[in-house]
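**Q** File structure.txt follows (compact mmCIF, C-alpha atoms):
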```txt
# COMPACT_ATOMS: atom_id res chain seq x y z
CA MET A 1 0.00 0.00 0.00
CA ALA A 2 1.23 3.42 -0.86
CA SER A 3 2.17 5.63 2.07
CA VAL A 4 -0.69 7.81 3.21
CA THR A 5 -0.07 10.80 5.45
CA ILE A 6 -2.65 12.78 7.28
CA ASN A 7 -1.16 16.17 7.96
CA PHE A 8 -2.57 18.16 10.86
CA SER A 9 -0.25 21.11 10.44
CA ASN A 10 -2.95 23.06 8.66
CA VAL A 11 -5.17 22.70 11.74
CA ARG A 12 -2.40 24.13 13.89
CA ASP A 13 -1.79 26.94 11.41
CA SER A 14 -5.48 27.71 11.24
CA LEU A 15 -5.76 27.90 15.03
CA ILE A 16 -2.73 30.16 15.32
CA ARG A 17 -4.06 32.43 12.58
CA LYS A 18 -7.53 32.55 14.11
CA THR A 19 -6.19 33.24 17.61
CA SER A 20 -3.93 35.93 16.29
CA GLU A 21 -6.81 37.59 14.42
CA ALA A 22 -9.13 37.34 17.42
CA ILE A 23 -6.78 38.98 19.89
CA LYS A 24 -5.80 41.70 17.45
CA GLU A 25 -9.36 42.88 17.01
CA ALA A 26 -9.36 46.59 17.82
CA SER A 27 -12.67 46.68 19.71
CA PHE A 28 -11.56 43.77 21.93
CA LEU A 29 -8.18 45.34 22.76
CA ARG A 30 -9.78 48.73 23.42
CA ASP A 31 -12.28 47.14 25.80
CA ILE A 32 -9.47 45.41 27.70
CA ALA A 33 -7.40 48.61 27.85
CA GLU A 34 -10.30 50.74 29.04
CA THR A 35 -11.22 48.20 31.73
CA VAL A 36 -7.63 48.15 33.02
CA ILE A 37 -7.35 51.96 33.01
CA THR A 38 -10.76 52.53 34.65
CA ASN A 39 -10.07 50.05 37.44
CA SER A 40 -6.53 51.28 38.05
CA LYS A 41 -7.61 54.93 38.23
CA ALA A 42 -10.52 54.12 40.54
CA SER A 43 -8.29 52.19 42.96
CA ALA A 44 -5.77 55.02 43.21
CA ARG A 45 -8.53 57.60 43.72
CA LEU A 46 -9.92 55.45 46.51
CA GLY A 47 -6.50 55.43 48.16
CA LYS A 48 -5.60 51.87 47.20
CA ASP A 49 -2.57 50.47 45.44
CA PRO A 50 -3.99 49.57 42.00
CA LYS A 51 -1.93 46.40 41.84
CA THR A 52 -2.44 44.96 45.33
CA LEU A 53 -5.66 46.83 46.28
CA ARG A 54 -4.10 47.48 49.70
CA ASP A 55 -4.53 50.94 51.23
CA TYR A 56 -1.73 53.37 50.47
CA PRO A 57 0.56 53.83 53.49
CA TYR A 58 -0.41 56.68 55.79
CA PHE A 59 1.89 59.61 56.19
CA THR A 60 3.43 59.92 59.60
CA GLY A 61 5.76 62.39 61.25
CA GLU A 62 5.69 65.94 62.45
CA ASN A 63 5.05 67.52 59.03
CA VAL A 64 1.80 65.70 58.35
CA GLU A 65 -0.50 68.55 59.35
CA LYS A 66 1.58 70.99 57.34
CA TYR A 67 1.37 68.68 54.34
CA ILE A 68 -2.39 68.32 54.66
CA ALA A 69 -2.80 72.07 54.92
CA ARG A 70 -0.75 72.50 51.76
CA ARG A 71 -2.88 69.98 49.90
CA ALA A 72 -6.03 71.81 50.99
CA PHE A 73 -4.57 75.14 49.91
CA LEU A 74 -3.51 73.84 46.48
CA ALA A 75 -6.88 72.24 45.90
CA ARG A 76 -8.62 75.52 46.72
CA SER A 77 -6.36 77.54 44.47
CA ILE A 78 -6.60 75.17 41.52
CA VAL A 79 -9.45 72.74 40.72
CA ALA A 80 -9.59 69.69 42.95
CA GLY A 81 -9.74 66.35 41.16
CA PRO A 82 -12.13 63.43 41.68
CA ASN A 83 -12.15 62.04 45.23
CA PHE A 84 -9.91 64.77 46.58
CA ARG A 85 -9.90 64.97 50.36
CA SER A 86 -7.13 66.86 52.04
CA ARG A 87 -6.55 64.01 54.50
CA ARG A 88 -6.88 61.18 52.03
CA GLN A 89 -3.66 59.85 50.58
CA ASN A 90 -4.88 59.08 47.10
CA LEU A 91 -2.35 60.84 44.86
CA THR A 92 -5.02 63.39 44.06
CA ILE A 93 -4.95 67.14 44.26
CA THR A 94 -5.95 68.09 40.74
CA GLY A 95 -6.21 64.44 39.69
CA GLU A 96 -4.04 65.11 36.63
CA LEU A 97 -1.46 62.44 37.39
CA ILE A 98 -4.00 59.62 37.72
CA ASN A 99 -5.92 60.90 34.71
CA SER A 100 -2.78 60.89 32.60
CA ALA A 101 -2.80 57.08 32.40
CA SER A 102 -3.26 56.20 28.73
CA PHE A 103 -2.81 53.28 26.40
CA LYS A 104 -1.48 52.55 22.96
CA ILE A 105 -2.36 49.50 20.87
CA VAL A 106 0.28 48.07 18.58
CA GLY A 107 -0.55 44.77 16.90
CA SER A 108 -1.87 42.56 19.67
CA SER A 109 -0.08 44.48 22.47
CA ILE A 110 -1.45 47.17 24.73
CA SER A 111 1.10 49.56 26.24
CA PHE A 112 0.12 51.68 29.19
CA TYR A 113 1.87 54.96 29.92
CA HIS A 114 1.41 58.37 31.50
CA ARG A 115 0.96 61.07 28.94
CA GLY A 116 1.87 64.74 29.02
CA GLU A 117 3.24 67.14 31.57
CA HIS A 118 1.83 67.85 34.97
CA ARG A 119 0.61 71.41 35.26
CA PRO A 120 2.67 73.35 37.81
CA TYR A 121 0.86 74.09 41.07
CA TYR A 122 2.25 77.61 41.31
CA THR A 123 3.99 80.21 39.16
CA GLY A 124 7.63 79.50 38.66
CA GLN A 125 7.36 75.78 39.42
CA LYS A 126 9.23 73.70 36.88
CA PRO A 127 6.92 71.46 34.85
CA VAL A 128 7.46 67.75 35.22
CA SER A 129 6.27 64.93 33.00
CA ASN A 130 3.51 62.76 34.42
CA SER A 131 5.67 59.78 33.57
CA ASP A 132 8.48 61.01 35.85
CA LEU A 133 6.04 62.00 38.55
CA ALA A 134 4.46 58.53 38.49
CA LYS A 135 7.92 56.97 38.77
CA TRP A 136 8.84 59.14 41.77
CA HIS A 137 5.60 58.32 43.57
CA THR A 138 5.99 54.63 42.86
CA GLU A 139 9.53 54.68 44.23
CA GLY A 140 8.65 56.96 47.12
CA ALA A 141 11.02 59.78 46.33
CA GLY A 142 11.23 63.04 48.34
CA GLY A 143 10.56 61.44 51.68
CA TYR A 144 7.02 60.40 50.83
CA PRO A 145 5.90 56.80 51.18
CA ALA A 146 5.95 54.78 47.95
CA ARG A 147 2.59 54.72 46.23
CA ARG A 148 2.04 52.96 42.95
CA VAL A 149 0.10 55.15 40.52
CA PHE A 150 -0.86 52.50 37.98
CA GLY A 151 -1.30 48.75 38.23
CA ILE A 152 -3.33 45.71 37.33
CA SER A 153 -4.93 43.96 40.30
CA PRO A 154 -5.77 40.24 40.47
CA LEU A 155 -9.44 41.19 40.09
CA THR A 156 -8.72 43.14 36.92
CA MET A 157 -6.60 40.25 35.61
CA LYS A 158 -9.54 37.93 36.20
CA ILE A 159 -11.78 40.28 34.21
CA VAL A 160 -9.20 40.43 31.41
CA LYS A 161 -9.05 36.62 31.32
CA ASN A 162 -12.85 36.35 31.23
CA LYS A 163 -13.05 38.81 28.36
CA THR A 164 -10.29 36.98 26.49
CA ASN A 165 -12.02 33.64 26.95
CA ALA A 166 -15.22 35.15 25.59
CA GLN A 167 -13.37 36.59 22.60
CA ILE A 168 -11.78 33.23 21.82
CA ARG A 169 -15.15 31.53 22.13
CA ARG A 170 -16.62 34.06 19.71
CA LYS A 171 -13.87 33.80 17.13
CA ILE A 172 -11.90 30.58 17.39
CA LEU A 173 -14.81 28.20 17.39
CA SER A 174 -15.97 29.58 14.08
CA ILE A 175 -13.37 27.67 12.08
CA ARG A 176 -15.29 26.31 9.13
CA ARG A 177 -15.69 22.58 8.85
CA MET B 178 -44.92 43.67 35.23
CA ALA B 179 -44.58 40.81 32.78
CA ARG B 180 -43.64 37.42 34.18
CA LEU B 181 -40.07 36.28 33.91
CA PRO B 182 -39.38 33.71 31.18
CA GLN B 183 -40.08 30.18 32.47
CA ASN B 184 -36.54 28.99 31.91
CA LEU B 185 -35.11 31.83 34.01
CA LEU B 186 -34.11 30.92 37.55
CA VAL B 187 -33.63 33.71 40.09
CA GLU B 188 -32.55 32.30 43.43
CA VAL B 189 -30.06 33.52 45.97
CA THR B 190 -27.82 30.54 45.23
CA GLU B 191 -28.34 30.52 41.48
CA VAL B 192 -29.31 33.03 38.84
CA SER B 193 -29.40 31.24 35.51
CA GLN B 194 -31.29 30.63 32.31
CA THR B 195 -31.36 27.31 30.48
CA PHE B 196 -32.01 27.01 26.77
CA ASP B 197 -33.00 23.74 25.11
CA LEU B 198 -31.53 24.48 21.71
CA GLY B 199 -32.86 21.23 20.27
CA ASP B 200 -36.38 22.25 21.19
CA ILE B 201 -35.93 25.85 20.05
CA THR B 202 -34.32 25.08 16.68
CA GLY B 203 -35.86 21.68 15.95
CA VAL B 204 -32.37 20.37 15.28
CA ASP B 205 -30.32 18.02 17.43
CA LEU B 206 -27.29 20.06 18.56
CA SER B 207 -26.17 17.57 21.20
CA GLU B 208 -23.04 16.64 19.23
CA SER B 209 -22.25 20.23 18.23
CA ASN B 210 -20.54 21.65 21.28
CA ASP B 211 -18.67 24.31 19.31
CA LEU B 212 -21.85 25.66 17.81
CA LYS B 213 -23.63 25.56 21.16
CA ASN B 214 -20.74 27.43 22.76
CA ARG B 215 -20.85 30.11 20.11
CA ILE B 216 -24.60 30.47 20.41
CA GLY B 217 -24.19 30.68 24.20
CA GLN B 218 -21.57 33.39 23.83
CA ALA B 219 -23.85 35.29 21.46
CA PHE B 220 -26.63 35.08 24.09
CA ILE B 221 -24.20 36.46 26.70
CA ASP B 222 -23.11 39.26 24.36
CA LYS B 223 -26.75 40.17 23.79
CA ILE B 224 -27.43 40.40 27.53
CA VAL B 225 -24.28 42.37 28.33
CA SER B 226 -24.62 44.85 25.47
CA ARG B 227 -28.28 45.41 26.38
CA SER B 228 -27.29 46.09 30.01
CA LYS B 229 -24.55 48.46 28.94
CA SER B 230 -27.07 50.40 26.89
CA GLY B 231 -29.17 50.90 30.03
CA VAL B 232 -32.08 48.66 29.07
CA ASP B 233 -33.59 45.74 30.98
CA LEU B 234 -34.96 42.35 29.97
CA TYR B 235 -38.25 43.89 28.83
CA GLY B 236 -36.72 46.81 26.96
CA ASN B 237 -37.37 49.31 29.75
CA ALA B 238 -34.77 51.77 30.98
CA PHE B 239 -33.09 50.70 34.22
CA ALA B 240 -34.16 52.48 37.38
CA ALA B 241 -32.00 55.54 38.04
CA TYR B 242 -29.14 55.35 40.50
CA ALA B 243 -29.97 56.19 44.11
CA GLU B 244 -28.86 59.66 45.20
CA SER B 245 -26.74 58.15 47.97
CA TYR B 246 -24.84 56.04 45.42
CA LYS B 247 -24.34 59.04 43.18
CA LYS B 248 -22.72 60.87 46.07
CA SER B 249 -20.46 57.95 46.99
CA ASP B 250 -16.67 57.80 46.66
CA VAL B 251 -16.93 54.73 44.46
CA PHE B 252 -19.27 56.47 42.01
CA GLU B 253 -16.83 59.36 41.68
CA ALA B 254 -13.70 57.18 41.53
CA PHE B 255 -15.03 55.13 38.64
CA GLY B 256 -16.10 58.27 36.80
CA LYS B 257 -19.67 57.07 36.56
CA SER B 258 -22.50 59.14 35.10
CA ASP B 259 -26.30 58.97 35.27
CA ASN B 260 -26.14 56.32 32.56
CA VAL B 261 -27.14 53.13 34.40
CA ASN B 262 -25.15 50.35 32.74
CA MET B 263 -24.65 47.62 35.36
CA THR B 264 -20.92 48.22 35.13
CA LEU B 265 -18.45 49.25 37.80
CA THR B 266 -15.32 47.10 37.59
CA ASP B 267 -17.04 44.96 34.89
CA ASN B 268 -16.54 41.90 37.08
CA MET B 269 -20.18 40.76 37.05
CA ASN B 270 -20.73 41.19 33.31
CA SER B 271 -17.43 39.59 32.35
CA SER B 272 -18.08 36.63 34.68
CA LEU B 273 -21.39 35.75 33.04
CA ASP B 274 -20.63 32.41 31.45
CA ILE B 275 -21.95 29.20 29.95
CA VAL B 276 -22.11 27.22 33.16
CA GLU B 277 -23.47 24.06 31.57
CA ASN B 278 -23.33 22.59 28.09
CA SER B 279 -24.85 19.14 27.89
CA GLY B 280 -27.13 17.41 25.44
CA ASN B 281 -29.10 20.07 23.66
CA ASN B 282 -29.02 22.40 26.67
CA ILE B 283 -26.87 25.35 27.49
CA LYS B 284 -27.19 27.17 30.77
CA LEU B 285 -26.02 30.74 31.31
CA GLY B 286 -25.13 32.01 34.76
CA TRP B 287 -22.31 32.68 37.18
CA ASN B 288 -19.84 30.16 38.54
CA ASP B 289 -18.87 32.25 41.55
CA SER B 290 -21.08 33.08 44.49
CA LEU B 291 -20.07 36.75 44.70
CA ASN B 292 -21.18 37.64 41.19
CA ASN B 293 -24.23 35.41 41.47
CA ALA B 294 -25.18 37.32 44.63
CA LYS B 295 -24.72 40.63 42.84
CA ALA B 296 -26.83 39.45 39.91
CA TYR B 297 -29.53 38.22 42.31
CA ASN B 298 -29.50 41.45 44.26
CA HIS B 299 -30.19 43.48 41.14
CA MET B 300 -32.82 41.05 39.80
CA VAL B 301 -34.92 41.14 42.98
CA GLY B 302 -34.03 44.62 44.23
CA ASP B 303 -32.75 43.39 47.56
CA THR B 304 -30.40 46.15 48.73
CA VAL B 305 -30.39 48.10 45.47
CA LYS B 306 -33.10 49.18 43.08
CA LYS B 307 -34.57 46.30 41.10
CA ARG B 308 -32.99 46.02 37.67
CA LEU B 309 -33.85 43.03 35.47
CA HIS B 310 -30.49 42.93 33.76
CA PHE B 311 -30.25 39.19 33.14
CA GLY B 312 -32.12 36.88 30.81
CA LEU B 313 -33.45 36.66 27.29
CA ARG B 314 -36.98 36.64 25.96
CA LYS B 315 -38.08 34.37 23.10
CA SER B 316 -37.80 37.26 20.66
CA ASP B 317 -34.19 37.92 21.78
CA VAL B 318 -33.35 34.25 21.32
CA SER B 319 -34.82 34.23 17.81
CA GLU B 320 -32.87 37.35 16.94
CA VAL B 321 -29.58 35.79 18.05
CA LEU B 322 -30.31 32.48 16.36
CA ALA B 323 -30.95 34.25 13.05
CA ASP B 324 -27.18 34.77 12.87
CA PHE B 325 -26.69 30.99 13.04
CA LYS B 326 -29.42 30.11 10.54
CA LYS B 327 -27.07 28.72 7.91
CA GLU B 328 -25.07 26.52 10.29
CA ILE B 329 -28.18 25.18 11.97
CA GLY B 330 -29.72 24.60 8.54
CA ASP B 331 -26.62 22.72 7.36
CA LEU B 332 -26.74 20.57 10.46
CA LYS B 333 -30.41 19.86 9.92
CA LYS B 334 -29.72 18.57 6.43
CA THR B 335 -27.35 15.94 7.81
CA GLN B 336 -30.00 14.82 10.28
CA GLN B 337 -32.66 13.73 7.82
CA PRO B 338 -31.85 10.01 7.45
CA SER B 339 -34.47 9.05 4.87
CA ASP B 340 -33.49 11.82 2.45
CA ILE B 341 -29.81 11.22 2.81
CA LEU B 342 -29.86 7.47 2.80
CA SER B 343 -32.09 7.22 -0.22
CA SER B 344 -29.67 9.37 -2.13
CA LEU B 345 -26.71 7.29 -1.05
CA ALA B 346 -26.51 4.47 -3.48
CA VAL B 347 -23.17 2.81 -3.39
CA THR B 348 -22.12 1.11 -6.57
CA ALA B 349 -19.45 -1.55 -6.42
CA ILE B 350 -17.94 -2.75 -9.65
CA THR B 351 -17.11 -6.44 -9.54
CA GLY B 352 -15.66 -7.26 -12.88
CA GLU B 353 -15.89 -5.57 -16.22
CA ASN B 354 -19.63 -5.53 -16.75
CA GLU B 355 -21.08 -6.67 -13.46
CA SER B 356 -22.13 -4.20 -10.85
CA ILE B 357 -23.71 -4.54 -7.43
CA ILE B 358 -25.69 -1.65 -6.11
CA ILE B 359 -26.03 -1.37 -2.38
CA ASN B 360 -28.70 1.01 -1.29
CA ILE B 361 -27.90 1.98 2.27
CA GLY B 362 -31.48 3.07 2.79
CA ASP B 363 -32.50 -0.59 2.60
CA PHE B 364 -30.72 -1.37 5.83
CA PHE B 365 -32.98 1.02 7.72
CA GLY B 366 -36.18 -0.61 6.54
```
Do you think you could lay out the structure here as structure tokens?

**A**
Amino acid sequence: MASVTINFSNVRDSLIRKTSEAIKEASFLRDIAETVITNSKASARLGKDPKTLRDYPYFTGENVEKYIARRAFLARSIVAGPNFRSRRQNLTITGELINSASFKIVGSSISFYHRGEHRPYYTGQKPVSNSDLAKWHTEGAGGYPARRVFGISPLTMKIVKNKTNAQIRRKILSIRR
Amino acid sequence: MARLPQNLLVEVTEVSQTFDLGDITGVDLSESNDLKNRIGQAFIDKIVSRSKSGVDLYGNAFAAYAESYKKSDVFEAFGKSDNVNMTLTDNMNSSLDIVENSGNNIKLGWNDSLNNAKAYNHMVGDTVKKRLHFGLRKSDVSEVLADFKKEIGDLKKTQQPSDILSSLAVTAITGENESIIINIGDFFG
């Protein structure tokens, strides 16, 4: 009998192609990105580390009251951002830093970053990029406790996985027989 | 208020809706798990997109948010508006799943008790305003299934034994001029 080969490589190729197409779909990636950004911003505004969902560390020391008074003053003199409370440690005075979290979609990847410069709080203050400001806060520079500005929590990861499973179910199972 | 669809279960331990796709389509889908999964996902998409547009099971606008909720930290932190869309973190909507796929049935619901409790709470208006966010009516089901008409139709064709078998006449050539015709339909009397 002549040799007969059944080649499954086209099945593999088809699955890879379908998966690749499914996870590149712009509306799907945008939905994932917006979910991540919304949940991260909300956590920070509520005074929680967006990655761990633990409360940000409280300021301690003799300058705390002075610091709170300064926050209150700045908020009055500018426009206070969402969830601003002078005594709440939620990285919010104007809210610009948290709001600067953005995303960029390239192929099937979503990159998150902080866009733009942070508006100076007073005349003569040197502008700083939101990206640098986020890095300083995350590292805890300037004597302040470290507070992560952006992150993906286990809950958000679960939501991302659920949405990805749904997308695969929608697209991958439609391979024609 | 119209009655909930009969196949919709709203209990504290389980909020779900079961669809007998064999009964609905008149086609046996018990061996077509892929198709059932895709139909199930399309049902879920229909429910979630309807909720996100602020409309309930019966096409009515969801009850407005309570004033106390609108003044809450959470409402502000998530940048919510007066648009009632059953979405905060998106945990409940994204967790809605096909919790059972057996025979001709698919069941939609939640596998985890937290999201099931949230879904229940909204459906009955326990500690929040009542919002019938979950479930599909017959007309919704028909609308979704219209997108699968061709596949279901193709499947139906393969499930009509008499038509198929009568057209399947197998001819075996045994020698130059002699032929034996085996009509498979004969075997099924």

**Q** Sorted by chain and rising residue number, which residues of chain B lie within 8 Å of chain A, and what are their closest atom pairs and distances in Å to one decimal, counting all atoms listed in the file, as a tab-separated table?

**A**
```
residue	atom	partner	partner_atom	distance
B:Asp211	CA	A:Leu173	CA	5.8
B:Leu212	CA	A:Leu173	CA	7.5
B:Asn214	CA	A:Arg169	CA	7.0
B:Arg215	CA	A:Arg170	CA	5.8
B:Gln218	CA	A:Arg170	CA	6.5
B:Ala219	CA	A:Arg170	CA	7.5
B:Asp250	CA	A:Asn83	CA	6.4
B:Val251	CA	A:Leu46	CA	7.3
B:Glu253	CA	A:Pro82	CA	6.2
B:Ala254	CA	A:Ala42	CA	4.5
B:Phe255	CA	A:Ala42	CA	5.0
B:Gly256	CA	A:Ala42	CA	7.9
B:Thr266	CA	A:Asn39	CA	6.0
B:Asp267	CA	A:Ile159	CA	7.1
B:Asn268	CA	A:Ile159	CA	5.8
B:Ser271	CA	A:Asn162	CA	5.7
B:Ser272	CA	A:Asn162	CA	6.3
```

**Q** Could you tell me how far CA of Ile329 in chain B sits from CA of Gly203 in chain B, in Å to one decimal place?

**A**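 Taking CA of Gly203 in chain B and CA of Ile329 in chain B, their separation equals 9.3 Å.
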
**Q** I need the residue nearest His137 in chain A from this list: A:Ile37, A:Ala22, A:Phe8, A:Gln89. Use all atoms listed in the file for the distance.

**A**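 Nearest to His137 in chain A: A:Gln89.
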
**Q** Select, from A:Ile93, A:Leu53, A:Ala26, A:Ile6, the residue with the minimum atom-to-atom distance to Ala72 in chain A, counting all atoms listed in the file.

**A**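 For Ala72 in chain A, the nearest of the candidates is A:Ile93.
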
**Q** May I ask which of the residues A:Arg87, A:Leu97, A:Asn130, A:Arg12 is the closest one to Phe59 in chain A, counting all atoms listed in the file?

**A**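 Nearest to Phe59 in chain A: A:Arg87.
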
**Q** Counting all atoms listed in the file, which residues of range 216-295 of chain B fall within 12 Å of range 303-325 of chain B, and what is the closest atom pair for each with its distance in Å at one decimal, ordered by chain and rising number, as JSON lines?

**A**
```
{"residue": "B:Ile216", "atom": "CA", "partner": "B:Leu322", "partner_atom": "CA", "distance": 7.3}
{"residue": "B:Gly217", "atom": "CA", "partner": "B:Val321", "partner_atom": "CA", "distance": 9.6}
{"residue": "B:Gln218", "atom": "CA", "partner": "B:Val321", "partner_atom": "CA", "distance": 10.2}
{"residue": "B:Ala219", "atom": "CA", "partner": "B:Val321", "partner_atom": "CA", "distance": 6.7}
{"residue": "B:Phe220", "atom": "CA", "partner": "B:Val321", "partner_atom": "CA", "distance": 6.8}
{"residue": "B:Ile221", "atom": "CA", "partner": "B:Gly312", "partner_atom": "CA", "distance": 8.9}
{"residue": "B:Asp222", "atom": "CA", "partner": "B:Val321", "partner_atom": "CA", "distance": 9.7}
{"residue": "B:Lys223", "atom": "CA", "partner": "B:Val321", "partner_atom": "CA", "distance": 7.8}
{"residue": "B:Ile224", "atom": "CA", "partner": "B:Phe311", "partner_atom": "CA", "distance": 6.4}
{"residue": "B:Val225", "atom": "CA", "partner": "B:His310", "partner_atom": "CA", "distance": 8.3}
{"residue": "B:Ser226", "atom": "CA", "partner": "B:His310", "partner_atom": "CA", "distance": 10.3}
{"residue": "B:Arg227", "atom": "CA", "partner": "B:His310", "partner_atom": "CA", "distance": 8.1}
{"residue": "B:Ser228", "atom": "CA", "partner": "B:His310", "partner_atom": "CA", "distance": 5.9}
{"residue": "B:Lys229", "atom": "CA", "partner": "B:His310", "partner_atom": "CA", "distance": 9.4}
{"residue": "B:Ser230", "atom": "CA", "partner": "B:His310", "partner_atom": "CA", "distance": 10.7}
{"residue": "B:Gly231", "atom": "CA", "partner": "B:His310", "partner_atom": "CA", "distance": 8.9}
{"residue": "B:Val232", "atom": "CA", "partner": "B:His310", "partner_atom": "CA", "distance": 7.6}
{"residue": "B:Asp233", "atom": "CA", "partner": "B:His310", "partner_atom": "CA", "distance": 5.0}
{"residue": "B:Leu234", "atom": "CA", "partner": "B:Leu309", "partner_atom": "CA", "distance": 5.7}
{"residue": "B:Tyr235", "atom": "CA", "partner": "B:Arg314", "partner_atom": "CA", "distance": 7.9}
{"residue": "B:Gly236", "atom": "CA", "partner": "B:Leu309", "partner_atom": "CA", "distance": 9.7}
{"residue": "B:Asn237", "atom": "CA", "partner": "B:Leu309", "partner_atom": "CA", "distance": 9.2}
{"residue": "B:Ala238", "atom": "CA", "partner": "B:Arg308", "partner_atom": "CA", "distance": 9.0}
{"residue": "B:Phe239", "atom": "CA", "partner": "B:Arg308", "partner_atom": "CA", "distance": 5.8}
{"residue": "B:Ala240", "atom": "CA", "partner": "B:Arg308", "partner_atom": "CA", "distance": 6.6}
{"residue": "B:Ala241", "atom": "CA", "partner": "B:Lys306", "partner_atom": "CA", "distance": 8.2}
{"residue": "B:Tyr242", "atom": "CA", "partner": "B:Lys306", "partner_atom": "CA", "distance": 7.8}
{"residue": "B:Ala243", "atom": "CA", "partner": "B:Lys306", "partner_atom": "CA", "distance": 7.7}
{"residue": "B:Glu244", "atom": "CA", "partner": "B:Lys306", "partner_atom": "CA", "distance": 11.5}
{"residue": "B:Ser245", "atom": "CA", "partner": "B:Val305", "partner_atom": "CA", "distance": 11.0}
{"residue": "B:Tyr246", "atom": "CA", "partner": "B:Val305", "partner_atom": "CA", "distance": 9.7}
{"residue": "B:Val261", "atom": "CA", "partner": "B:Arg308", "partner_atom": "CA", "distance": 9.8}
{"residue": "B:Asn262", "atom": "CA", "partner": "B:His310", "partner_atom": "CA", "distance": 9.2}
{"residue": "B:Met263", "atom": "CA", "partner": "B:His310", "partner_atom": "CA", "distance": 7.7}
{"residue": "B:Thr264", "atom": "CA", "partner": "B:His310", "partner_atom": "CA", "distance": 11.0}
{"residue": "B:Met269", "atom": "CA", "partner": "B:Phe311", "partner_atom": "CA", "distance": 10.9}
{"residue": "B:Asn270", "atom": "CA", "partner": "B:Phe311", "partner_atom": "CA", "distance": 9.7}
{"residue": "B:Leu273", "atom": "CA", "partner": "B:Phe311", "partner_atom": "CA", "distance": 9.5}
{"residue": "B:Asp274", "atom": "CA", "partner": "B:Phe311", "partner_atom": "CA", "distance": 11.9}
{"residue": "B:Lys284", "atom": "CA", "partner": "B:Gly312", "partner_atom": "CA", "distance": 10.9}
{"residue": "B:Leu285", "atom": "CA", "partner": "B:Gly312", "partner_atom": "CA", "distance": 8.7}
{"residue": "B:Gly286", "atom": "CA", "partner": "B:Phe311", "partner_atom": "CA", "distance": 9.0}
{"residue": "B:Trp287", "atom": "CA", "partner": "B:Phe311", "partner_atom": "CA", "distance": 11.0}
{"residue": "B:Asn293", "atom": "CA", "partner": "B:Phe311", "partner_atom": "CA", "distance": 11.0}
{"residue": "B:Ala294", "atom": "CA", "partner": "B:Asp303", "partner_atom": "CA", "distance": 10.1}
{"residue": "B:Lys295", "atom": "CA", "partner": "B:Asp303", "partner_atom": "CA", "distance": 9.7}
```

**Q** For Trp136 in chain A, find every residue with an atom within 12 Å (counting all atoms listed in the file), except residues of its own chain fewer than 5 positions away, and show them as a ChimeraX atom specification.

**A** /A:91,97,128-131,141-149

**Q** For a quick check of understanding, using only C-alpha atoms, which of B:Leu206, B:Ile275, B:Val192, B:Leu265 has the smallest distance to Asn298 in chain B?

**A** B:Val192

**Q** Can you measure CA of Asn210 in chain B to CA of Asn288 in chain B for me? One decimal in Å is fine.

**A**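 So the two atoms, CA of Asn210 in chain B and CA of Asn288 in chain B, lie 19.3 Å apart.
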
**Q** When you look at range 114-124 of chain A with a cut-off of 12 Å (counting all atoms listed in the file), what residues show up, excluding the ones that are within fewer than 4 positions of it in the same chain? I need them as a VMD selection string.

**A** chain A and resid 37 41 70 to 71 73 to 80 93 to 104 128 to 135 149 to 150

**Q** Could you save the residues just selected, with C-alpha atoms, as a short mmCIF file (atom, residue, chain, number, x, y, z; two decimals), keeping the file's coordinate frame?

**A**
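After the write, result.cif holds the following:
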```
data_model
loop_
_atom_site.label_atom_id
_atom_site.label_comp_id
_atom_site.auth_asym_id
_atom_site.auth_seq_id
_atom_site.Cartn_x
_atom_site.Cartn_y
_atom_site.Cartn_z
CA ILE A 37 -7.35 51.96 33.01
CA LYS A 41 -7.61 54.93 38.23
CA ARG A 70 -0.75 72.50 51.76
CA ARG A 71 -2.88 69.98 49.90
CA PHE A 73 -4.57 75.14 49.91
CA LEU A 74 -3.51 73.84 46.48
CA ALA A 75 -6.88 72.24 45.90
CA ARG A 76 -8.62 75.52 46.72
CA SER A 77 -6.36 77.54 44.47
CA ILE A 78 -6.60 75.17 41.52
CA VAL A 79 -9.45 72.74 40.72
CA ALA A 80 -9.59 69.69 42.95
CA ILE A 93 -4.95 67.14 44.26
CA THR A 94 -5.95 68.09 40.74
CA GLY A 95 -6.21 64.44 39.69
CA GLU A 96 -4.04 65.11 36.63
CA LEU A 97 -1.46 62.44 37.39
CA ILE A 98 -4.00 59.62 37.72
CA ASN A 99 -5.92 60.90 34.71
CA SER A 100 -2.78 60.89 32.60
CA ALA A 101 -2.80 57.08 32.40
CA SER A 102 -3.26 56.20 28.73
CA PHE A 103 -2.81 53.28 26.40
CA LYS A 104 -1.48 52.55 22.96
CA VAL A 128 7.46 67.75 35.22
CA SER A 129 6.27 64.93 33.00
CA ASN A 130 3.51 62.76 34.42
CA SER A 131 5.67 59.78 33.57
CA ASP A 132 8.48 61.01 35.85
CA LEU A 133 6.04 62.00 38.55
CA ALA A 134 4.46 58.53 38.49
CA LYS A 135 7.92 56.97 38.77
CA VAL A 149 0.10 55.15 40.52
CA PHE A 150 -0.86 52.50 37.98
#
```

**Q** What does the structure give for the distance between CA of Leu29 in chain A and CA of Val276 in chain B, in Å to one decimal?

**A**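 These atoms are spaced 25.1 Å apart.
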